[in-house]
Amino acid sequence: MDHRLLEQVTFWTVLSSIDQELAATARQAGCLWCGGRLDRADFPRKPRGGPADLPPEYGRRLSLCCSREGCRKRVTPASVRFLGRKVYLHAVIILVAALQQGATPRRLRELSQILDLEIDRRTIARWRVFWQEEFPQTAFWKVARGFLLPAVDAASLPFELLRRFLHGRDSDPTPGWKGLLLFLSPITITGGLKG
């Protein structure tokens, strides 16, 4: 699991373009409640964990709002950049939680220096509880785990997910990361963990 990819602005740009595609698909589908046209209604984010030269679009979470008067419901499409309302970037949350299981303290320190991270131990502990206790109990995981053979042990999450998606991609881990983040993208929206 090479964390150097997270230093590259091109990686974060690729994730941004995927989020644009996810938003375009959601926009084409129209309002979930009334079928009305959806307009852009992004909201500001102050993401943590990316490189210092993170693209400016990371300061906005893509979101849509129904244009029909009387409805005006918000639709926030799935994301590969953000994990719900968490302030740290989705890839960073996965990697740091996985490194707690499969890496040395030295490697975690290196990652912290590279990405200029100062993540509180309590935050990392909450991420581990999420991945190993809360996430395995969700409706999403109960369905999604069926697509992963052999079965994934909950105690090995998220390390095992990362290992499976990045396996054999040493020269260019970008496709593996894209696959993993797209696989998990349904959990990035409100209610995504429930169904």
# chains A, B, ... in the order shown; residues from 1 in each chain; ligands from 1
call {"tool": "residues_around", "arguments": {"residues": "A:Thr76", "least_positions_apart": "2", "cutoff": "7 Å", "atoms": "only C-alpha atoms", "output": "compact mmCIF listing (two decimals) with C-alpha atoms, in the first residue's frame"}}
result
# COMPACT_ATOMS: atom_id res chain seq x y z
CA LEU A 62 -21.24 19.06 -5.24
CA SER A 63 -24.93 19.25 -4.50
CA LEU A 64 -28.17 19.84 -6.37
CA ARG A 74 -31.76 19.05 -2.01
CA ALA A 78 -22.56 10.20 -4.11
CA ILE A 189 -24.73 10.33 1.00
call {"tool": "residues_around", "arguments": {"residues": "A:Ser185", "least_positions_apart": "3", "cutoff": "10 Å", "atoms": "only C-alpha atoms", "output": "MDAnalysis selection string"}}
result
chainID A and resid 19 22 77:84 90 179:182 188:189 192
call {"tool": "atom_distance", "arguments": {"atom1": "atom CA of A:Leu99", "atom2": "atom CA of A:Leu162"}}
result
10.0 Å
call {"tool": "residues_around", "arguments": {"residues": "A:Ser17", "least_positions_apart": "2", "cutoff": "12 Å", "atoms": "only C-alpha atoms", "output": "VMD selection string"}}
result
chain A and resid 10 to 15 19 to 24 55 57 to 58 62 79 to 81 178
call {"tool": "select_by_dssp", "arguments": {"residues": "chain A", "states": "helix (DSSP H, G or I)", "output": "ChimeraX atom specification"}}
result
/A:3-7,9-29,56-59,90-102,105-114,121-137,139-147,154-156,159-166,174-188
call {"tool": "residues_around", "arguments": {"residues": "A:Arg145", "least_positions_apart": "3", "cutoff": "12 Å", "atoms": "only C-alpha atoms", "output": "ChimeraX atom specification"}}
result
/A:135-142,148-154,157,160-161,183-184
call {"tool": "write_last_selection", "arguments": {"atoms": "N, CA and C atoms", "output": "PDB file, in the first residue's frame"}}
result
ATOM      1  N   PHE A 135     -19.743  -0.034  10.410  1.00  0.00           N
ATOM      2  CA  PHE A 135     -19.869  -0.328   8.984  1.00  0.00           C
ATOM      3  C   PHE A 135     -20.340  -1.758   8.715  1.00  0.00           C
ATOM      4  N   PRO A 136     -19.791  -2.797   9.378  1.00  0.00           N
ATOM      5  CA  PRO A 136     -20.246  -4.173   9.101  1.00  0.00           C
ATOM      6  C   PRO A 136     -21.712  -4.427   9.451  1.00  0.00           C
ATOM      7  N   GLN A 137     -22.319  -3.568  10.247  1.00  0.00           N
ATOM      8  CA  GLN A 137     -23.715  -3.744  10.639  1.00  0.00           C
ATOM      9  C   GLN A 137     -24.689  -3.037   9.694  1.00  0.00           C
ATOM     10  N   THR A 138     -24.174  -2.304   8.721  1.00  0.00           N
ATOM     11  CA  THR A 138     -25.037  -1.527   7.832  1.00  0.00           C
ATOM     12  C   THR A 138     -25.664  -2.402   6.746  1.00  0.00           C
ATOM     13  N   ALA A 139     -26.814  -1.958   6.269  1.00  0.00           N
ATOM     14  CA  ALA A 139     -27.486  -2.647   5.168  1.00  0.00           C
ATOM     15  C   ALA A 139     -26.597  -2.635   3.918  1.00  0.00           C
ATOM     16  N   PHE A 140     -25.889  -1.507   3.701  1.00  0.00           N
ATOM     17  CA  PHE A 140     -24.993  -1.430   2.543  1.00  0.00           C
ATOM     18  C   PHE A 140     -23.989  -2.574   2.567  1.00  0.00           C
ATOM     19  N   TRP A 141     -23.300  -2.767   3.686  1.00  0.00           N
ATOM     20  CA  TRP A 141     -22.251  -3.779   3.756  1.00  0.00           C
ATOM     21  C   TRP A 141     -22.833  -5.184   3.665  1.00  0.00           C
ATOM     22  N   LYS A 142     -23.999  -5.389   4.231  1.00  0.00           N
ATOM     23  CA  LYS A 142     -24.605  -6.719   4.191  1.00  0.00           C
ATOM     24  C   LYS A 142     -24.892  -7.161   2.760  1.00  0.00           C
ATOM     25  N   LEU A 148     -17.690  -9.626  -2.797  1.00  0.00           N
ATOM     26  CA  LEU A 148     -16.276  -9.835  -2.502  1.00  0.00           C
ATOM     27  C   LEU A 148     -16.039 -11.266  -2.045  1.00  0.00           C
ATOM     28  N   LEU A 149     -15.357 -12.027  -2.891  1.00  0.00           N
ATOM     29  CA  LEU A 149     -15.041 -13.407  -2.553  1.00  0.00           C
ATOM     30  C   LEU A 149     -13.540 -13.603  -2.591  1.00  0.00           C
ATOM     31  N   PRO A 150     -12.970 -14.282  -1.628  1.00  0.00           N
ATOM     32  CA  PRO A 150     -13.607 -14.836  -0.445  1.00  0.00           C
ATOM     33  C   PRO A 150     -14.115 -13.729   0.474  1.00  0.00           C
ATOM     34  N   ALA A 151     -14.933 -14.143   1.427  1.00  0.00           N
ATOM     35  CA  ALA A 151     -15.576 -13.185   2.331  1.00  0.00           C
ATOM     36  C   ALA A 151     -14.542 -12.365   3.095  1.00  0.00           C
ATOM     37  N   VAL A 152     -14.923 -11.133   3.393  1.00  0.00           N
ATOM     38  CA  VAL A 152     -14.055 -10.223   4.138  1.00  0.00           C
ATOM     39  C   VAL A 152     -14.432 -10.273   5.612  1.00  0.00           C
ATOM     40  N   ASP A 153     -13.456 -10.495   6.464  1.00  0.00           N
ATOM     41  CA  ASP A 153     -13.674 -10.489   7.907  1.00  0.00           C
ATOM     42  C   ASP A 153     -13.784  -9.037   8.370  1.00  0.00           C
ATOM     43  N   ALA A 154     -14.824  -8.721   9.142  1.00  0.00           N
ATOM     44  CA  ALA A 154     -15.052  -7.345   9.598  1.00  0.00           C
ATOM     45  C   ALA A 154     -13.865  -6.804  10.376  1.00  0.00           C
ATOM     46  N   LEU A 157     -11.355  -4.774   8.233  1.00  0.00           N
ATOM     47  CA  LEU A 157     -11.771  -3.573   7.495  1.00  0.00           C
ATOM     48  C   LEU A 157     -11.069  -2.341   8.030  1.00  0.00           C
ATOM     49  N   GLU A 160      -8.447  -4.808   4.412  1.00  0.00           N
ATOM     50  CA  GLU A 160      -8.689  -5.849   3.418  1.00  0.00           C
ATOM     51  C   GLU A 160      -9.341  -5.297   2.156  1.00  0.00           C
ATOM     52  N   LEU A 161     -10.228  -4.327   2.292  1.00  0.00           N
ATOM     53  CA  LEU A 161     -10.811  -3.690   1.100  1.00  0.00           C
ATOM     54  C   LEU A 161      -9.726  -3.017   0.268  1.00  0.00           C
ATOM     55  N   PHE A 183     -16.895   1.895  -5.298  1.00  0.00           N
ATOM     56  CA  PHE A 183     -17.587   0.823  -4.585  1.00  0.00           C
ATOM     57  C   PHE A 183     -18.228   1.355  -3.304  1.00  0.00           C
ATOM     58  N   LEU A 184     -17.492   2.236  -2.610  1.00  0.00           N
ATOM     59  CA  LEU A 184     -17.975   2.793  -1.344  1.00  0.00           C
ATOM     60  C   LEU A 184     -18.804   4.071  -1.515  1.00  0.00           C
TER      61      LEU A 184
END
call {"tool": "residues_around", "arguments": {"residues": "A:Gly176", "least_positions_apart": "5", "cutoff": "10 Å", "atoms": "only C-alpha atoms", "output": "PDB file with N, CA and C atoms, in the first residue's frame"}}
result
ATOM      1  N   LEU A 162      -8.873  -2.276   0.942  1.00  0.00           N
ATOM      2  CA  LEU A 162      -7.791  -1.582   0.252  1.00  0.00           C
ATOM      3  C   LEU A 162      -6.862  -2.587  -0.435  1.00  0.00           C
ATOM      4  N   ARG A 163      -6.516  -3.641   0.272  1.00  0.00           N
ATOM      5  CA  ARG A 163      -5.630  -4.666  -0.289  1.00  0.00           C
ATOM      6  C   ARG A 163      -6.254  -5.306  -1.528  1.00  0.00           C
ATOM      7  N   ARG A 164      -7.540  -5.620  -1.466  1.00  0.00           N
ATOM      8  CA  ARG A 164      -8.185  -6.283  -2.603  1.00  0.00           C
ATOM      9  C   ARG A 164      -8.299  -5.373  -3.821  1.00  0.00           C
ATOM     10  N   PHE A 165      -8.641  -4.138  -3.613  1.00  0.00           N
ATOM     11  CA  PHE A 165      -8.804  -3.242  -4.756  1.00  0.00           C
ATOM     12  C   PHE A 165      -7.459  -2.807  -5.339  1.00  0.00           C
ATOM     13  N   LEU A 166      -6.412  -2.782  -4.525  1.00  0.00           N
ATOM     14  CA  LEU A 166      -5.104  -2.340  -5.015  1.00  0.00           C
ATOM     15  C   LEU A 166      -4.193  -3.491  -5.410  1.00  0.00           C
ATOM     16  N   HIS A 167      -4.607  -4.722  -5.177  1.00  0.00           N
ATOM     17  CA  HIS A 167      -3.784  -5.895  -5.483  1.00  0.00           C
ATOM     18  C   HIS A 167      -3.339  -5.887  -6.943  1.00  0.00           C
ATOM     19  N   GLY A 168      -2.038  -6.021  -7.151  1.00  0.00           N
ATOM     20  CA  GLY A 168      -1.473  -6.078  -8.495  1.00  0.00           C
ATOM     21  C   GLY A 168      -1.393  -4.749  -9.208  1.00  0.00           C
ATOM     22  N   ARG A 169      -1.573  -3.656  -8.495  1.00  0.00           N
ATOM     23  CA  ARG A 169      -1.560  -2.333  -9.125  1.00  0.00           C
ATOM     24  C   ARG A 169      -0.405  -1.484  -8.592  1.00  0.00           C
ATOM     25  N   ASP A 170       0.733  -2.116  -8.400  1.00  0.00           N
ATOM     26  CA  ASP A 170       1.884  -1.403  -7.845  1.00  0.00           C
ATOM     27  C   ASP A 170       2.371  -0.273  -8.742  1.00  0.00           C
ATOM     28  N   LEU A 181     -13.158   3.562  -4.169  1.00  0.00           N
ATOM     29  CA  LEU A 181     -13.966   4.731  -3.800  1.00  0.00           C
ATOM     30  C   LEU A 181     -15.335   4.713  -4.481  1.00  0.00           C
ATOM     31  N   LEU A 182     -15.400   4.214  -5.711  1.00  0.00           N
ATOM     32  CA  LEU A 182     -16.708   4.068  -6.371  1.00  0.00           C
ATOM     33  C   LEU A 182     -17.546   2.979  -5.693  1.00  0.00           C
TER      34      LEU A 182
END
call {"tool": "closest_residue", "arguments": {"among": "A:Pro44, A:Gly30, A:Gly36, A:Gly50", "to": "A:Leu117", "atoms": "only C-alpha atoms"}}
result
A:Gly50
call {"tool": "decode", "arguments": {"residues": "stretch 21-161 of chain A", "atoms": "C-alpha atoms", "output": "compact mmCIF listing (two decimals), in the first residue's frame"}}
result
# COMPACT_ATOMS: atom_id res chain seq x y z
CA GLU A 21 -19.78 12.60 -13.49
CA LEU A 22 -21.73 11.34 -10.46
CA ALA A 23 -23.35 14.77 -10.09
CA ALA A 24 -24.22 14.92 -13.80
CA THR A 25 -25.90 11.51 -13.59
CA ALA A 26 -27.91 12.61 -10.53
CA ARG A 27 -28.87 15.83 -12.27
CA GLN A 28 -30.12 14.01 -15.37
CA ALA A 29 -32.34 11.81 -13.18
CA GLY A 30 -34.16 14.86 -11.86
CA CYS A 31 -35.70 15.47 -8.47
CA LEU A 32 -36.35 12.29 -6.52
CA TRP A 33 -39.54 13.74 -5.04
CA CYS A 34 -41.28 15.60 -7.86
CA GLY A 35 -39.23 14.92 -11.00
CA GLY A 36 -38.35 18.60 -11.38
CA ARG A 37 -35.13 19.99 -12.86
CA LEU A 38 -32.12 20.00 -10.55
CA ASP A 39 -29.85 23.04 -10.37
CA ARG A 40 -26.38 23.20 -8.87
CA ALA A 41 -26.37 24.19 -5.21
CA ASP A 42 -22.88 23.28 -4.01
CA PHE A 43 -21.83 23.99 -0.48
CA PRO A 44 -18.44 24.94 0.93
CA ARG A 45 -16.07 22.38 2.45
CA LYS A 46 -12.75 22.75 4.22
CA PRO A 47 -11.31 19.30 3.60
CA ARG A 48 -8.37 18.01 5.58
CA GLY A 49 -5.77 15.48 4.61
CA GLY A 50 -4.95 16.38 1.03
CA PRO A 51 -1.73 17.83 -0.29
CA ALA A 52 -1.08 21.55 0.13
CA ASP A 53 -1.80 22.15 -3.57
CA LEU A 54 -5.18 20.40 -3.55
CA PRO A 55 -7.29 21.60 -6.51
CA PRO A 56 -9.63 24.50 -5.62
CA GLU A 57 -12.74 22.44 -6.42
CA TYR A 58 -12.12 20.55 -3.19
CA GLY A 59 -13.45 23.62 -1.40
CA ARG A 60 -16.96 22.69 -2.63
CA ARG A 61 -19.13 19.61 -2.14
CA LEU A 62 -21.24 19.06 -5.24
CA SER A 63 -24.93 19.25 -4.50
CA LEU A 64 -28.17 19.84 -6.37
CA CYS A 65 -31.47 21.52 -5.54
CA CYS A 66 -34.88 21.09 -7.16
CA SER A 67 -35.89 24.14 -9.19
CA ARG A 68 -39.62 23.53 -8.77
CA GLU A 69 -41.29 26.03 -6.41
CA GLY A 70 -42.85 24.23 -3.47
CA CYS A 71 -40.37 21.36 -3.66
CA ARG A 72 -36.83 22.81 -3.57
CA LYS A 73 -35.51 19.55 -2.07
CA ARG A 74 -31.76 19.05 -2.01
CA VAL A 75 -30.07 16.08 -3.66
CA THR A 76 -26.45 15.49 -2.76
CA PRO A 77 -24.97 12.92 -5.14
CA ALA A 78 -22.56 10.20 -4.11
CA SER A 79 -18.91 11.20 -3.90
CA VAL A 80 -15.49 9.61 -4.18
CA ARG A 81 -13.86 12.65 -2.55
CA PHE A 82 -15.88 13.08 0.64
CA LEU A 83 -17.25 10.56 3.14
CA GLY A 84 -20.50 12.15 4.22
CA ARG A 85 -19.92 15.11 6.51
CA LYS A 86 -16.49 14.03 7.67
CA VAL A 87 -13.88 16.77 7.26
CA TYR A 88 -11.05 14.46 6.23
CA LEU A 89 -10.97 13.28 2.63
CA HIS A 90 -12.44 9.84 1.99
CA ALA A 91 -9.19 8.29 0.69
CA VAL A 92 -7.28 9.59 3.72
CA ILE A 93 -9.81 8.11 6.15
CA ILE A 94 -9.52 4.72 4.46
CA LEU A 95 -5.73 4.79 4.26
CA VAL A 96 -5.08 5.97 7.82
CA ALA A 97 -7.56 3.45 9.27
CA ALA A 98 -6.01 0.67 7.14
CA LEU A 99 -2.48 1.65 8.13
CA GLN A 100 -3.47 1.22 11.76
CA GLN A 101 -3.92 -2.45 10.93
CA GLY A 102 -1.20 -3.17 8.44
CA ALA A 103 1.62 -0.69 8.75
CA THR A 104 4.30 0.30 11.15
CA PRO A 105 4.06 3.43 13.28
CA ARG A 106 6.96 4.79 11.19
CA ARG A 107 4.93 4.50 7.99
CA LEU A 108 1.99 6.30 9.61
CA ARG A 109 4.37 9.08 10.71
CA GLU A 110 5.68 9.33 7.13
CA LEU A 111 2.13 9.68 5.82
CA SER A 112 1.41 12.34 8.43
CA GLN A 113 4.49 14.30 7.33
CA ILE A 114 3.78 13.95 3.61
CA LEU A 115 0.19 15.14 3.90
CA ASP A 116 0.94 17.53 6.76
CA LEU A 117 -1.57 15.68 8.94
CA GLU A 118 -2.07 16.10 12.64
CA ILE A 119 -4.88 13.64 13.21
CA ASP A 120 -5.92 13.25 16.82
CA ARG A 121 -5.69 9.68 18.13
CA ARG A 122 -9.34 9.87 19.19
CA THR A 123 -10.34 10.66 15.59
CA ILE A 124 -8.42 7.65 14.30
CA ALA A 125 -10.00 5.52 17.04
CA ARG A 126 -13.46 6.69 15.87
CA TRP A 127 -12.57 5.74 12.29
CA ARG A 128 -11.54 2.26 13.43
CA VAL A 129 -14.81 1.85 15.37
CA PHE A 130 -16.69 2.97 12.26
CA TRP A 131 -14.93 0.48 9.96
CA GLN A 132 -14.82 -2.51 12.28
CA GLU A 133 -18.02 -2.18 14.33
CA GLU A 134 -20.52 0.19 12.71
CA PHE A 135 -19.87 -0.33 8.98
CA PRO A 136 -20.25 -4.17 9.10
CA GLN A 137 -23.72 -3.74 10.64
CA THR A 138 -25.04 -1.53 7.83
CA ALA A 139 -27.49 -2.65 5.17
CA PHE A 140 -24.99 -1.43 2.54
CA TRP A 141 -22.25 -3.78 3.76
CA LYS A 142 -24.61 -6.72 4.19
CA VAL A 143 -25.34 -6.51 0.46
CA ALA A 144 -21.95 -5.29 -0.81
CA ARG A 145 -19.88 -7.94 0.96
CA GLY A 146 -21.54 -10.54 -1.27
CA PHE A 147 -19.60 -9.12 -4.21
CA LEU A 148 -16.28 -9.84 -2.50
CA LEU A 149 -15.04 -13.41 -2.55
CA PRO A 150 -13.61 -14.84 -0.44
CA ALA A 151 -15.58 -13.19 2.33
CA VAL A 152 -14.06 -10.22 4.14
CA ASP A 153 -13.67 -10.49 7.91
CA ALA A 154 -15.05 -7.34 9.60
CA ALA A 155 -11.99 -7.20 11.87
CA SER A 156 -9.83 -6.61 8.79
CA LEU A 157 -11.77 -3.57 7.50
CA PRO A 158 -10.78 -1.30 5.79
CA PHE A 159 -7.32 -2.84 5.28
CA GLU A 160 -8.69 -5.85 3.42
CA LEU A 161 -10.81 -3.69 1.10
